[in-house]
Amino acid sequence: MKKQTIDSRPAGPKPWYDPRVRSLFFQVVAIALVFWAGWTLVENTLANMESRGISTGFGFLDETAGFGIIMSLIPYDATMTYGRTFWVGLTNTLLVSAMGIVAATILGFIIGVARLSSNWLVAKVSLVYIEVIRNIPLLLQIFFWYFAVLGALPSPRQSIDVGGTMFLNNRGLYVPEPLTQDGFGLVWWALAIAIAAVVGIRIWAKKRQLATGQIFPTFKVGVALLVLLPAIAYFAAGSPLEWEVPALKGFNFGGGITIIPELAALWVALSLYTGSFIAEIVRSGILSVSKGQTEAAKALGLPNGLTLRLVVIPQAMRVIIPPLTSQYLNLAKNSSLATAIGYPDLVAVFMGTTLNQTGQAVEVVAITMAVYLTISLSISLFMNIYNRAVAIKER
Amino acid sequence: MARKLLKAYVSKNQLMFGEKTMRKTKSIALGIALAVGTFTASGAMAATTLENVKEKGHLQCGVTTGLPGFSQPDEKGNWTGIDVDTCRAVAAAIFGDASAVEFTPLTAKERFTALQSGEIDMLSRNTTWTLTRDASLGLNFAGVNYYDGQGFLINKDIGVDDALQLDGASICIQAGTTTELNLSDYFRAKGMEFKPIVFDTSEQTVQGFSAGRCDVLTSDRSQLAALRSKLSDPSAAKILPNTISKEPLGPVVRQGDDQWFNIVKWVLSVQINAEELGVTSANADDMLKSDNPNIQRLLGTDGDMGAKLGLPDDFGHKVVKLVGNYGEMYDRNVGPDTPLGLDRGINALWTDGGIMYAPPVR
């Protein structure tokens with residue numbers, strides 16, 4: 001008898017009825033469409049620009065910029081390239097964003113907690129702050145701080161003198177600049193050792209607490225180490241630090257570090273504005289922790305401080321972090337309002353002057369959009385990592 | 001259609017968010033315009049700018065956000081100024097109606113994008129003619145309606161008489177202008193330092209200057225005169241004698257439409273020639289009977305000068321009668337009897353010792 005081979009598998013559906021094949025097919029088609037659309041847009045743009053005699057390409061980034069910028073964290077002068085102006089603008093944007101995020105967070109947490117205070121006056125003052133600040137457009141607030149601050153300050157020759165070393169006038173705040181001399185490297189080494197020691201102590205203290213239940217004052221010891229070690233190194237190396245005190249010469253002060261009023265106004269406005277939103281987020285986070293948690297902690301005999309630190313805040317953070325991330329993103333993007341008061345951020349310098357002097361609008365706008373996207377995605381990424389760290393862990 | 005939608009979108013944004021969003025929108029609108037590219041680019045090939053303007057029934061002209069003497073709206077929203085009159089003259093040539101113009105206020109940063117994207121038909125916004133702008137922005141400069149130069153405005157109390165004493169000064173300046181570059185060049189060449197405070201509009205530079213944020217305000221000299229007149233106490237400020245650059249200001253059109261380029265160029269030339277020939281808005285009708293062949297060609301009683309440009313043959317007559325010759329335009333807006341009080345100087349006709357000179361209409 002002839003052996004019959006029987007396919008044991010049930011006959012599958014025809015490929016066009018197979019859900020897996022189908023979904024794969026549609027995904028490939030969708031991706032192809034997206035790429036085709038993107039390619040067409042780029043192609044069309046280039047063709048149109050060429051037909052209108054507009055130069056294209058990124059070659060302009062290597063051309064000499066030829067204009068001055070008032071404030072730069074990296075060395076810059078007018079003989080450098082347009083590419084350099086991009087970095088100047090970017091670092092200025094990052095500076096004001098970072099300063100704003102730190103200040104807004106601190107302010108927001110303080111106001112958010114104060115809003116829940118049992119003290120009637122403190123709670124109402126916080127309420128008024130939040131409602132006033134977050135309901136006025138940010139641009140108006142920036143103008144207010146810029147012109148209010150400028151209007152109140154004296155001219156350079158009548159500067160407010162703080163101890164002969166710091167000067168405040170309508171051109172900015174001038175503070176002495178520390179100039180490191182030979183031997184200052186020792187201080188940096190001492191600081192590095194102190195940081196390593198603090199990390200080590202923290203790990204050791206945690207292990208010991210898990211094993212024996214004894215608590216080590218990590219915080220106090222840590223602060224002491226961080227201050228004392230570099231201080232000892234500083235004096236051992238013979239105080240290798242000189243201060244360059246600003247002095248009035250000609251129209252303005254020279255020397256030292258200048259904090260320009262544009263930066264100050266933008267920073268204050270961004271921090272106050274975003275801080276008012278963060279305050280509400282913090283309040284919602286704290287209120288989301290049920291009262292039973294606090295009562296349980298008290299029943300276990302935890303003091304108030306520990307209850308807050310170990311029970312309330314960790315749980316509140318789970319609610320706070322995601323909306324806090326959006327606020328950080330908003331702050332970074334809102335920093336582009338800088339251009340209204342002449343702070344040289346990325347939009348003012350690169351998408352403003354550089355765009356206008358070169359006329360390469362499409363390239364410059366594309367770069368600027370890519371940068372803001374990158375900044376936002378980076379903030380988002382770090383906050384998500386942090387969120388995962390503080391999220392509730394189900395065991 | 002898409003063009004109209006885009007315009008509607010942009011103007012809606014202007015109303016909603018004011019100037020700032022408008023600028024961003026403009027740069028981005030250019031990107032969209034170029035990327036989608038189905039309207040103006042192919043539209044430009046199908047229909048010329050002149051045809052588009054005729055179909056719309058008005059000329060769309062880009063001007064400043066407000067600069068006395070050049071382009072400034074009054075309290076009723078009527079625009080006046082030498083740049084505005086340059087636009088009106090073009091409208092008069094096309095439609096025989098100097099009021100068939102709509103004005104788009106633009107900051108220095110926005111102006112070229114607005115022209116490139118097709119939002120405006122011509123730009124008349126005290127814009128300096130430079131090689132880079134002419135050659136790489138896809139634009140053409142159609143002549144010069146004011147020869148200017150960059151100067152400095154200072155407060156008298158800082159006790160400076162010459163720009164060479166400005167080492168270390170804080171200087172307010174408008175973003176996206178040639179003055180930004182000239183200033184850097186000048187200070188670098190003289191081995192001096194300065195701190196640039198860069199604002200978006202000339203209005204803001206004045207605010208910064210009044211608030212004491214800067215010691216010096218720099219701009220074209222004609223603008224300084226206008227801005228000085230805006231200060232609360234104009235007598236406390238003065239303009240330094242130094243002129244640090246050449247700033248030939250004039251109307252700009254898109255590259256690639258030679259007919260339109262010629263129209264704008266020759267309307268301005270007609271105005272300058274009219275002054276030279278003594279034709280004014282007052283005597284334009286009488287001059288129609290003149291037997292001077294130059295005047296006959298200028299006013300269209302002889303020859304077909306207009307047809308060569310795609311305009312009515314009497315376009316010269318309309319321009320001079322409705323807007324005036326160059327001298328009238330100058331005196332009315334920036335001349336000695338206006339708040340700006342600027343003498344003709346090098347803007348006088350070549351026959352009067354200036355450099356204002358137009359090729360002949362023949």
# chains A, B, ... in the order shown; residues from 1 in each chain; ligands from 1
>>> interface_residues(of="chain B", to="chain A", cutoff="6 Å", atoms="only C-alpha atoms", output="VMD selection string")
chain B and resid 31 34 to 35 109 136 to 138 169 175 to 176 180 to 181 184 195 to 196 198 to 199 213
>>> residues_around(residues="Thr205 (chain B)", least_positions_apart="3", cutoff="10 Å", atoms="only C-alpha atoms", output="list in words")
Ile341 and Gly342 of chain A; Ile171, Cys172, Ile173, Gln174, Ala175, Ile197, Val198, Phe199, Asp200, Thr201, Ser202, Gly208, Phe209, Ser210, Ala211, Arg213, Cys214, Val216, Leu217, Thr218, Ser219 and Leu227 of chain B
>>> residues_around(residues="Glu193 (chain B)", least_positions_apart="4", cutoff="8 Å", atoms="only C-alpha atoms", output="PyMOL selection string")
chain B and resi 167-169+187-188
>>> residues_around(residues="Leu61 (chain A)", least_positions_apart="6", cutoff="7 Å", atoms="only C-alpha atoms", output="list in words")
Thr81, Tyr82 and Gly83 of chain A
>>> atom_distance(atom1="CA of Asn273 (chain B)", atom2="CA of Gln150 (chain B)")
27.5 Å
>>> decode(residues="region 205-227 of chain A", atoms="C-alpha atoms", output="JSON list (two decimals), in the first residue's frame")
[["chain", "number", "residue", "atom", "x", "y", "z"],
["A", 205, "ALA", "CA", 24.87, 53.33, 55.86],
["A", 206, "LYS", "CA", 21.97, 51.81, 53.94],
["A", 207, "LYS", "CA", 23.43, 48.32, 54.21],
["A", 208, "ARG", "CA", 24.04, 48.76, 57.90],
["A", 209, "GLN", "CA", 20.52, 50.01, 58.45],
["A", 210, "LEU", "CA", 19.08, 47.01, 56.64],
["A", 211, "ALA", "CA", 21.26, 44.64, 58.69],
["A", 212, "THR", "CA", 21.10, 46.22, 62.14],
["A", 213, "GLY", "CA", 18.37, 48.84, 62.00],
["A", 214, "GLN", "CA", 20.79, 51.53, 63.16],
["A", 215, "ILE", "CA", 20.51, 54.88, 61.40],
["A", 216, "PHE", "CA", 23.63, 56.80, 60.42],
["A", 217, "PRO", "CA", 23.43, 60.62, 60.03],
["A", 218, "THR", "CA", 24.47, 60.46, 56.35],
["A", 219, "PHE", "CA", 23.22, 63.95, 55.50],
["A", 220, "LYS", "CA", 25.08, 65.83, 58.24],
["A", 221, "VAL", "CA", 28.30, 63.89, 57.73],
["A", 222, "GLY", "CA", 28.00, 64.33, 53.97],
["A", 223, "VAL", "CA", 27.62, 68.10, 54.16],
["A", 224, "ALA", "CA", 30.52, 68.32, 56.58],
["A", 225, "LEU", "CA", 32.75, 66.30, 54.23],
["A", 226, "LEU", "CA", 31.77, 68.33, 51.16],
["A", 227, "VAL", "CA", 32.56, 71.61, 52.87]]
